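Colleague: So here's structure.cif, just mmCIF, C-alpha atoms and all ligand atoms:
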data_final
#
loop_
_atom_site.label_atom_id
_atom_site.label_comp_id
_atom_site.auth_asym_id
_atom_site.auth_seq_id
_atom_site.Cartn_x
_atom_site.Cartn_y
_atom_site.Cartn_z
CA MET A 1 -21.31 -93.57 -222.62
CA ALA A 2 -19.02 -90.56 -222.82
CA GLU A 3 -15.33 -91.35 -222.72
CA VAL A 4 -13.06 -89.78 -220.09
CA LEU A 5 -9.32 -89.95 -220.68
CA VAL A 6 -6.91 -90.50 -217.79
CA LEU A 7 -3.21 -89.91 -218.43
CA VAL A 8 -1.34 -92.71 -216.64
CA GLU A 9 1.51 -91.81 -214.28
CA HIS A 10 4.05 -94.58 -214.06
CA ALA A 11 7.63 -95.06 -212.94
CA ASP A 12 9.97 -98.05 -212.90
CA GLY A 13 7.36 -100.31 -214.47
CA GLU A 14 4.74 -99.51 -211.81
CA ILE A 15 1.51 -97.58 -212.14
CA LYS A 16 1.31 -94.82 -209.56
CA LYS A 17 -1.53 -94.84 -207.05
CA VAL A 18 -2.77 -91.45 -208.29
CA THR A 19 -3.70 -93.07 -211.62
CA ASN A 20 -6.04 -95.49 -209.83
CA GLU A 21 -7.55 -92.49 -208.03
CA LEU A 22 -8.10 -90.70 -211.35
CA LEU A 23 -9.68 -93.79 -212.92
CA THR A 24 -12.03 -93.97 -209.92
CA LEU A 25 -12.92 -90.30 -210.36
CA ALA A 26 -13.32 -90.71 -214.13
CA ARG A 27 -16.04 -93.32 -213.50
CA THR A 28 -18.23 -90.57 -212.02
CA LEU A 29 -17.89 -88.54 -215.24
CA GLY A 30 -18.27 -91.26 -217.85
CA GLU A 31 -16.43 -94.29 -219.14
CA PRO A 32 -12.75 -94.24 -218.22
CA SER A 33 -10.04 -94.84 -220.82
CA ALA A 34 -6.40 -94.77 -219.85
CA VAL A 35 -3.65 -93.16 -221.92
CA LEU A 36 -0.35 -94.97 -221.52
CA LEU A 37 2.69 -93.17 -222.95
CA GLY A 38 6.33 -94.22 -222.83
CA GLY A 39 9.16 -96.22 -224.31
CA SER A 40 8.02 -99.70 -223.35
CA VAL A 41 4.77 -99.59 -221.43
CA ALA A 42 2.30 -101.97 -223.08
CA SER A 43 2.72 -104.56 -220.30
CA LEU A 44 1.08 -102.14 -217.85
CA ALA A 45 -2.19 -101.96 -219.81
CA GLU A 46 -3.88 -104.96 -218.16
CA LYS A 47 -3.42 -103.53 -214.65
CA LEU A 48 -5.44 -100.46 -215.63
CA GLY A 49 -8.52 -102.63 -216.05
CA GLU A 50 -8.42 -103.31 -212.30
CA TYR A 51 -9.58 -99.73 -211.69
CA GLY A 52 -12.20 -99.64 -214.42
CA ALA A 53 -10.34 -98.62 -217.60
CA GLN A 54 -12.46 -99.88 -220.49
CA LYS A 55 -9.86 -98.94 -223.10
CA VAL A 56 -6.15 -98.30 -222.86
CA TYR A 57 -4.59 -96.13 -225.56
CA VAL A 58 -0.98 -97.30 -225.74
CA ALA A 59 1.53 -95.08 -227.53
CA GLU A 60 5.05 -96.46 -227.39
CA SER A 61 8.10 -94.54 -228.53
CA ALA A 62 11.54 -94.07 -227.03
CA ASP A 63 11.08 -90.35 -227.81
CA LEU A 64 8.41 -90.18 -225.09
CA ASP A 65 11.06 -91.06 -222.52
CA ASP A 66 14.10 -89.44 -224.12
CA TYR A 67 12.76 -85.90 -224.39
CA LEU A 68 11.06 -83.70 -221.83
CA VAL A 69 7.30 -83.17 -221.67
CA ALA A 70 6.60 -81.85 -225.20
CA PRO A 71 6.31 -85.26 -226.96
CA LYS A 72 3.88 -86.50 -224.29
CA ALA A 73 1.75 -83.37 -224.73
CA GLU A 74 1.67 -83.82 -228.50
CA VAL A 75 0.61 -87.46 -228.29
CA LEU A 76 -2.00 -86.74 -225.62
CA ALA A 77 -3.43 -83.96 -227.84
CA GLN A 78 -3.40 -86.38 -230.78
CA ILE A 79 -5.44 -88.96 -228.80
CA VAL A 80 -7.82 -86.24 -227.59
CA ALA A 81 -8.38 -85.09 -231.20
CA ASP A 82 -9.10 -88.68 -232.28
CA THR A 83 -11.46 -89.54 -229.42
CA SER A 84 -13.19 -86.22 -228.46
CA PRO A 85 -13.54 -87.24 -224.80
CA THR A 86 -15.84 -85.57 -222.27
CA ALA A 87 -12.85 -84.68 -220.10
CA VAL A 88 -9.15 -85.39 -219.64
CA LEU A 89 -7.85 -86.07 -216.15
CA VAL A 90 -4.15 -85.75 -215.37
CA ALA A 91 -2.30 -86.01 -212.05
CA SER A 92 -1.28 -82.67 -210.53
CA SER A 93 2.40 -83.56 -210.55
CA ALA A 94 4.93 -81.07 -211.94
CA GLU A 95 5.12 -83.09 -215.16
CA GLY A 96 1.37 -83.76 -215.29
CA LYS A 97 0.52 -80.08 -215.07
CA GLU A 98 2.94 -79.18 -217.84
CA VAL A 99 1.75 -81.95 -220.14
CA ALA A 100 -1.90 -81.05 -219.49
CA ALA A 101 -1.31 -77.34 -220.13
CA ARG A 102 0.49 -77.95 -223.41
CA ALA A 103 -2.04 -80.53 -224.60
CA ALA A 104 -4.98 -78.27 -223.63
CA LEU A 105 -3.47 -75.42 -225.65
CA ARG A 106 -3.02 -77.68 -228.68
CA SER A 107 -6.65 -78.81 -228.33
CA GLY A 108 -7.94 -75.25 -227.97
CA SER A 109 -9.39 -76.21 -224.60
CA GLY A 110 -9.55 -74.82 -221.10
CA LEU A 111 -7.49 -76.19 -218.20
CA ILE A 112 -8.05 -76.32 -214.47
CA THR A 113 -5.11 -77.29 -212.28
CA ASP A 114 -4.85 -78.64 -208.73
CA ALA A 115 -8.47 -79.74 -208.40
CA VAL A 116 -9.24 -81.65 -205.21
CA GLY A 117 -12.65 -82.78 -206.44
CA VAL A 118 -14.60 -83.10 -209.68
CA SER A 119 -18.37 -83.55 -209.69
CA SER A 120 -20.25 -85.63 -212.25
CA ASP A 121 -21.04 -82.51 -214.32
CA GLY A 122 -17.35 -81.56 -214.55
CA GLU A 123 -17.41 -78.85 -211.89
CA THR A 124 -14.12 -78.82 -210.03
CA THR A 125 -13.21 -77.83 -206.49
CA GLN A 126 -9.86 -76.19 -205.77
CA GLY A 127 -8.53 -75.06 -202.40
CA ILE A 128 -6.96 -71.62 -202.49
CA PHE A 129 -5.23 -69.43 -199.91
CA GLY A 130 -3.70 -72.49 -198.34
CA GLY A 131 -6.95 -74.43 -198.50
CA ALA A 132 -8.86 -71.77 -196.51
CA ILE A 133 -11.25 -71.09 -199.40
CA ALA A 134 -12.84 -73.62 -201.75
CA VAL A 135 -13.41 -72.48 -205.32
CA GLN A 136 -15.86 -74.15 -207.71
CA ALA A 137 -14.96 -73.81 -211.37
CA LYS A 138 -15.81 -75.30 -214.73
CA VAL A 139 -14.01 -75.27 -218.05
CA THR A 140 -16.13 -73.37 -220.58
CA LYS A 141 -14.08 -73.85 -223.75
CA GLY A 142 -13.37 -77.07 -225.62
CA ILE A 143 -12.70 -80.30 -223.75
CA PRO A 144 -12.04 -79.84 -220.03
CA PHE A 145 -8.45 -80.71 -219.08
CA ILE A 146 -8.32 -81.10 -215.30
CA THR A 147 -5.28 -81.87 -213.18
CA VAL A 148 -6.21 -83.47 -209.87
CA ARG A 149 -4.07 -83.50 -206.75
CA PRO A 150 -2.95 -86.93 -205.50
CA ASN A 151 -4.95 -88.29 -202.55
CA SER A 152 -8.05 -86.24 -203.42
CA THR A 153 -10.11 -89.39 -204.04
CA ALA A 154 -9.84 -92.88 -202.59
CA ALA A 155 -8.97 -95.40 -205.31
CA GLU A 156 -11.65 -98.08 -205.58
CA PRO A 157 -11.16 -101.16 -207.74
CA ALA A 158 -13.67 -101.91 -210.50
CA SER A 159 -13.39 -104.27 -213.40
CA GLY A 160 -12.75 -102.79 -216.82
CA ALA A 161 -12.06 -104.47 -220.15
CA ALA A 162 -8.74 -102.63 -220.63
CA GLU A 163 -9.02 -103.17 -224.39
CA VAL A 164 -5.70 -102.09 -225.87
CA VAL A 165 -5.86 -99.53 -228.68
CA THR A 166 -2.44 -99.07 -230.22
CA VAL A 167 -1.66 -95.48 -231.19
CA THR A 168 1.17 -94.53 -233.53
CA PRO A 169 2.69 -91.44 -231.95
CA ASN A 170 3.30 -88.47 -234.25
CA ILE A 171 6.06 -86.50 -232.58
CA SER A 172 7.32 -83.36 -234.30
CA ASP A 173 10.96 -82.27 -234.40
CA ALA A 174 9.91 -79.15 -232.51
CA ALA A 175 8.92 -81.33 -229.55
CA LYS A 176 12.44 -82.73 -229.37
CA GLY A 177 14.08 -79.51 -228.28
CA ALA A 178 15.16 -80.69 -224.84
CA LYS A 179 16.69 -84.15 -224.54
CA VAL A 180 17.11 -86.06 -221.31
CA THR A 181 20.84 -86.77 -221.14
CA GLU A 182 21.07 -88.59 -217.82
CA ARG A 183 18.80 -90.06 -215.18
CA VAL A 184 20.03 -90.34 -211.61
CA VAL A 185 17.99 -92.61 -209.39
CA GLU A 186 17.37 -90.88 -206.11
CA ALA A 187 18.48 -92.88 -203.07
CA LYS A 188 15.11 -93.78 -201.59
CA GLY A 189 15.83 -95.83 -198.52
CA GLY A 190 13.25 -98.27 -197.35
CA ARG A 191 10.49 -95.80 -196.51
CA PRO A 192 7.27 -95.46 -198.49
CA ASP A 193 6.75 -92.62 -200.93
CA LEU A 194 5.51 -89.54 -199.06
CA ALA A 195 2.61 -88.74 -201.40
CA GLU A 196 1.33 -92.32 -201.32
CA ALA A 197 2.06 -93.44 -197.73
CA ALA A 198 -0.70 -94.66 -195.41
CA VAL A 199 1.11 -93.16 -192.40
CA VAL A 200 3.20 -89.97 -192.37
CA VAL A 201 5.27 -88.63 -189.47
CA SER A 202 6.37 -85.02 -189.97
CA GLY A 203 8.79 -82.88 -188.01
CA GLY A 204 8.98 -79.11 -187.70
CA ARG A 205 11.01 -76.29 -186.22
CA GLY A 206 10.33 -77.67 -182.75
CA LEU A 207 13.02 -80.28 -183.41
CA GLY A 208 15.61 -77.55 -183.15
CA GLY A 209 18.10 -79.01 -185.65
CA ALA A 210 18.82 -81.55 -188.38
CA GLU A 211 20.42 -83.91 -185.88
CA HIS A 212 17.07 -84.44 -184.13
CA PHE A 213 15.26 -85.65 -187.23
CA ASP A 214 16.42 -89.15 -186.32
CA LEU A 215 13.66 -89.06 -183.67
CA ILE A 216 11.13 -88.57 -186.47
CA GLU A 217 12.74 -91.26 -188.62
CA LYS A 218 12.70 -93.80 -185.77
CA LEU A 219 9.04 -93.10 -185.01
CA ALA A 220 8.27 -93.32 -188.74
CA ASP A 221 10.11 -96.64 -189.06
CA SER A 222 8.21 -98.10 -186.10
CA LEU A 223 5.00 -97.40 -188.07
CA ASP A 224 6.34 -98.19 -191.58
CA ALA A 225 5.61 -94.54 -192.31
CA ALA A 226 6.99 -91.89 -194.64
CA VAL A 227 8.79 -88.86 -193.20
CA GLY A 228 7.53 -85.34 -193.86
CA ALA A 229 8.70 -81.92 -192.72
CA SER A 230 7.40 -78.39 -192.37
CA ARG A 231 8.82 -75.67 -194.56
CA ALA A 232 10.58 -74.16 -191.56
CA ALA A 233 12.51 -77.42 -191.23
CA THR A 234 13.28 -77.81 -194.93
CA ASP A 235 14.23 -74.13 -195.37
CA ALA A 236 16.63 -74.50 -192.44
CA GLY A 237 18.25 -77.40 -194.30
CA TRP A 238 17.29 -79.93 -191.61
CA TYR A 239 15.50 -82.21 -194.06
CA PRO A 240 15.30 -82.38 -197.88
CA HIS A 241 12.86 -80.09 -199.66
CA GLN A 242 11.22 -83.05 -201.41
CA ASN A 243 9.85 -84.07 -197.99
CA GLN A 244 8.11 -80.75 -197.40
CA VAL A 245 4.38 -81.03 -196.74
CA GLY A 246 2.12 -78.09 -197.48
CA GLN A 247 0.97 -75.49 -199.92
CA THR A 248 4.34 -75.25 -201.62
CA GLY A 249 5.30 -78.84 -200.86
CA LYS A 250 3.55 -82.18 -201.18
CA THR A 251 -0.12 -82.85 -200.49
CA VAL A 252 -0.60 -85.94 -198.36
CA SER A 253 -3.79 -87.61 -197.22
CA PRO A 254 -2.73 -90.65 -195.21
CA GLN A 255 -4.78 -92.69 -192.79
CA LEU A 256 -2.61 -91.30 -189.99
CA TYR A 257 -0.61 -88.04 -189.91
CA ILE A 258 1.58 -87.30 -186.90
CA ALA A 259 2.80 -83.69 -186.64
CA VAL A 260 5.72 -83.27 -184.26
CA GLY A 261 6.90 -79.80 -183.24
CA ILE A 262 4.80 -78.21 -185.98
CA SER A 263 2.63 -75.19 -185.15
CA GLY A 264 -0.02 -75.80 -187.83
CA ALA A 265 0.35 -72.74 -190.06
CA ILE A 266 -2.30 -72.48 -192.76
CA GLN A 267 0.25 -73.27 -195.47
CA HIS A 268 1.22 -76.50 -193.70
CA ARG A 269 -2.40 -77.49 -193.16
CA ALA A 270 -3.06 -77.06 -196.88
CA GLY A 271 -0.94 -80.13 -197.51
CA MET A 272 -2.24 -82.46 -194.80
CA GLN A 273 -5.67 -81.40 -193.56
CA THR A 274 -7.51 -84.17 -195.42
CA SER A 275 -5.57 -86.86 -193.49
CA LYS A 276 -8.01 -89.33 -191.91
CA THR A 277 -6.59 -89.13 -188.37
CA ILE A 278 -4.28 -86.32 -187.24
CA VAL A 279 -2.12 -86.57 -184.14
CA ALA A 280 -0.20 -83.51 -182.90
CA ILE A 281 2.69 -83.42 -180.44
CA ASN A 282 3.51 -79.90 -179.34
CA LYS A 283 4.60 -78.28 -176.09
CA ASP A 284 2.35 -75.25 -176.64
CA PRO A 285 -1.29 -76.05 -175.78
CA GLU A 286 -2.35 -73.01 -177.85
CA ALA A 287 -0.63 -74.22 -181.03
CA PRO A 288 -3.11 -73.99 -183.96
CA ILE A 289 -2.37 -77.59 -184.99
CA PHE A 290 -4.53 -78.71 -182.04
CA GLU A 291 -7.59 -77.12 -183.70
CA LEU A 292 -7.20 -79.66 -186.48
CA ALA A 293 -5.90 -82.66 -184.55
CA ASP A 294 -8.05 -85.67 -183.63
CA PHE A 295 -5.59 -86.50 -180.84
CA GLY A 296 -3.17 -84.07 -179.23
CA MET A 297 -0.28 -84.53 -176.84
CA VAL A 298 0.90 -81.41 -175.04
CA GLY A 299 4.48 -82.11 -174.09
CA ASP A 300 8.12 -81.87 -174.96
CA LEU A 301 8.72 -83.90 -178.09
CA PHE A 302 12.11 -84.98 -176.77
CA ASP A 303 10.26 -86.81 -173.93
CA VAL A 304 7.18 -87.92 -175.85
CA VAL A 305 8.58 -89.19 -179.14
CA PRO A 306 11.16 -91.72 -177.81
CA GLN A 307 8.55 -93.18 -175.42
CA LEU A 308 6.00 -93.41 -178.22
CA THR A 309 8.50 -95.13 -180.51
CA ASP A 310 9.43 -97.63 -177.76
CA GLU A 311 5.80 -98.45 -177.00
CA ILE A 312 4.93 -98.95 -180.66
CA THR A 313 8.03 -101.09 -181.23
CA LYS A 314 7.18 -103.27 -178.19
CA ARG A 315 3.67 -103.91 -179.47
CA LYS A 316 4.66 -104.82 -183.02
C1 LIG A 401 3.75 -68.56 -199.57
C2 LIG A 401 4.07 -69.47 -198.42
C3 LIG A 401 4.08 -70.83 -198.63
C4 LIG A 401 4.38 -71.69 -197.57
N1 LIG A 401 4.36 -73.04 -197.78
C5 LIG A 401 4.54 -73.87 -196.74
C6 LIG A 401 4.47 -75.29 -196.91
O1 LIG A 401 4.28 -75.81 -198.01
N2 LIG A 401 4.64 -76.06 -195.81
C7 LIG A 401 4.87 -75.54 -194.56
O2 LIG A 401 5.03 -76.34 -193.61
N3 LIG A 401 4.97 -74.23 -194.38
C8 LIG A 401 4.83 -73.39 -195.43
N4 LIG A 401 4.96 -72.05 -195.23
C9 LIG A 401 5.49 -71.57 -193.95
C10 LIG A 401 4.45 -71.49 -192.86
O3 LIG A 401 3.81 -70.23 -192.89
C11 LIG A 401 5.11 -71.66 -191.46
O4 LIG A 401 6.12 -70.68 -191.32
C12 LIG A 401 5.74 -73.03 -191.25
O5 LIG A 401 4.82 -74.04 -191.57
C13 LIG A 401 6.16 -73.17 -189.78
O6 LIG A 401 6.81 -74.38 -189.61
P1 LIG A 401 6.80 -75.05 -188.16
O7 LIG A 401 5.40 -75.32 -187.73
O8 LIG A 401 7.75 -76.20 -188.22
O9 LIG A 401 7.50 -73.93 -187.26
P2 LIG A 401 6.86 -72.99 -186.12
O10 LIG A 401 5.66 -72.27 -186.61
O11 LIG A 401 7.99 -72.20 -185.58
O12 LIG A 401 6.35 -74.02 -185.02
C14 LIG A 401 7.20 -74.81 -184.26
C15 LIG A 401 6.33 -75.49 -183.23
O13 LIG A 401 7.13 -76.38 -182.46
C16 LIG A 401 6.68 -76.33 -181.11
N5 LIG A 401 7.82 -76.77 -180.29
C17 LIG A 401 8.99 -76.14 -180.08
N6 LIG A 401 9.79 -76.88 -179.28
C18 LIG A 401 9.10 -78.01 -178.99
C19 LIG A 401 9.38 -79.17 -178.20
N7 LIG A 401 10.57 -79.34 -177.58
N8 LIG A 401 8.43 -80.13 -178.09
C20 LIG A 401 7.21 -79.97 -178.70
N9 LIG A 401 6.90 -78.90 -179.46
C21 LIG A 401 7.83 -77.94 -179.61
C22 LIG A 401 6.29 -74.89 -180.88
O14 LIG A 401 5.38 -74.80 -179.81
C23 LIG A 401 5.68 -74.53 -182.23
O15 LIG A 401 4.27 -74.73 -182.23
C24 LIG A 401 4.68 -71.17 -196.27
C25 LIG A 401 4.66 -69.78 -196.08
C26 LIG A 401 4.37 -68.95 -197.15
C27 LIG A 401 4.34 -67.46 -196.90
#
Starting from the file, give its structure as structure tokens.
Ligand SMILES: Cc1cc2nc3c(=O)[nH]c(=O)nc-3n(C[C@H](O)[C@H](O)[C@H](O)COP(=O)(O)OP(=O)(O)OC[C@H]3O[C@@H](n4cnc5c(N)ncnc54)[C@H](O)[C@@H]3O)c2cc1C

Modeller:
Amino acid sequence: MAEVLVLVEHADGEIKKVTNELLTLARTLGEPSAVLLGGSVASLAEKLGEYGAQKVYVAESADLDDYLVAPKAEVLAQIVADTSPTAVLVASSAEGKEVAARAALRSGSGLITDAVGVSSDGETTQGIFGGAIAVQAKVTKGIPFITVRPNSTAAEPASGAAEVVTVTPNISDAAKGAKVTERVVEAKGGRPDLAEAAVVVSGGRGLGGAEHFDLIEKLADSLDAAVGASRAATDAGWYPHQNQVGQTGKTVSPQLYIAVGISGAIQHRAGMQTSKTIVAINKDPEAPIFELADFGMVGDLFDVVPQLTDEITKRK
């Protein structure tokens, strides 16, 4: 069966959920093999079998961690040249897209970024103009390199042999042009990661100021949720940009998305419209977010949100 390579995203010794999604997707295209790159990563190989990886190509080198994306792209291209896979799937993270683009170029292959679906014949679906239009595309040259947005597919476990194939990375001096000199661990707090959370509570301009985001945080904490924000809120400096949901922010697809004081502009929808259940709280009954919402509450968020938080907390 044709081999499909999945580049593993990992951090702090954990495999990211998006990798399990890509392995699930890869099973519809052929036989999934994972590509595990990093300084000391071999211990993660076994876990990849839980989502169907039949082989795990493990390339260990401190250079893969110590320099920016170029070494990873070189090693990925090296594994692609050795294995001639049917396709290469990479997460649509900032790093993933850069690694995929560089590796595709080295392999003389075409690249499609930000796919939200890939059919069994390799045809991809991308949402453009803020998700208003779906585009079907297919790579026509070389081996298709496809970056897939997180939360596009539900990860489904499947057993795979996860046979480890050790790869000796060949990293050129040219790939070592930009060295990582320091890593600062971002203060995370106790909330789940926005892109991976099962529940997301987002606040918008309706909050009226940074000081009111504690309403959103309290509601989020009552639901063990991640906090998101509209661009209006992040541009105003009320909440960090890394929490922005939307076309130019993160794409989320949780089980439950609660939009508070957010109008539902097309660029915001682009980042959350695939959420399973959408709840909107807005004082304007004509707000476009209600067109998308499964449940809507027309009311002043300053009345509704504290009551909602209290009720949820009481029932926990
Ligand atoms: C190229 C481009 C990319 C963009 N990317 C993004 C993106 O990634 N993410 C994103 O979010 N936006 C993005 N935008 C911006 C987007 O067009 C909207 O401007 C933005 O989403 C609006 O944010 P908002 O809904 O918080 O604010 P508004 O549109 O001002 O809506 C505020 C809402 O709060 C309600 N409200 C006010 N007071 C209360 C109250 N007391 N109680 C209840 N409800 C209340 C109002 O009725 C209103 O519906 C982008 C725009 C462009 C041009």

Colleague: Would you list the residues that come within 9 Å of ligand LIG 401 (chain A)? Count all atoms listed in the file and give the answer as a PyMOL selection string.

Modeller: chain A and resi 130+203-208+229-234+244-251+259-271+281-289+297-304

Colleague: Excluding Ala226 in chain A and any residue of its chain fewer than 5 positions from it, enumerate the residues within 10 Å of it, using all atoms listed in the file, and give them as a list in words.

Modeller: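 My list of contacting residues is Gly190, Arg191, Pro192, Asp193, Leu194, Ala195, Glu196, Ala197, Ala198, Val199, Val200, Val201, Ser202, Ile216, Glu217, Leu219, Ala220, Asp221, Asn243, Pro254 and Tyr257 of chain A.
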
Colleague: Please measure the separation of CA of Tyr239 in chain A and CA of Phe295 in chain A, giving the value in Å to one decimal.

Modeller: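 Separation of CA of Tyr239 in chain A and CA of Phe295 in chain A: 25.3 Å.
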
Colleague: Set up a box along x, y and z of the file covering all listed atoms of range 274-289 of chain A, add 6 Å on every one of the six sides, and write the centre and edge lengths in Å to one decimal, as lines of an AutoDock Vina configuration file.

Modeller:
center_x = -1.7
center_y = -81.2
center_z = -185.6
size_x = 24.6
size_y = 28.3
size_z = 31.6

Colleague: How many Å separate CA of Arg149 in chain A from CA of Ser92 in chain A?

Modeller: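 For CA of Arg149 in chain A relative to CA of Ser92 in chain A, the distance reads 4.8 Å.
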
Colleague: For each of A:Gln307, A:Asn170, A:Thr28, A:Ser253, take the minimum atom-to-atom distance to Val75 in chain A, counting only C-alpha atoms, then give the residue where this is smallest.

Modeller: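 Ranked by minimum distance to Val75 in chain A, first place goes to A:Asn170.
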
Colleague: Out of A:Val90, A:Leu68, A:Leu215, A:Val227, which residue has the shortest atom-to-atom distance to Val305 in chain A when counting all atoms listed in the file?

Modeller: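 Residue with the minimum atom-to-atom distance to Val305 in chain A: A:Leu215.
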
Colleague: Quick one, how far is CA of Ala87 in chain A from CA of Ala2 in chain A?

Modeller: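 About the pair CA of Ala87 in chain A and CA of Ala2 in chain A: they are 8.9 Å apart.
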
Colleague: Measuring atom to atom with only C-alpha atoms, identify which of A:Arg315, A:Lys55, A:Lys72, A:His212 is nearest to Gly38 in chain A.

Modeller: A:Lys72
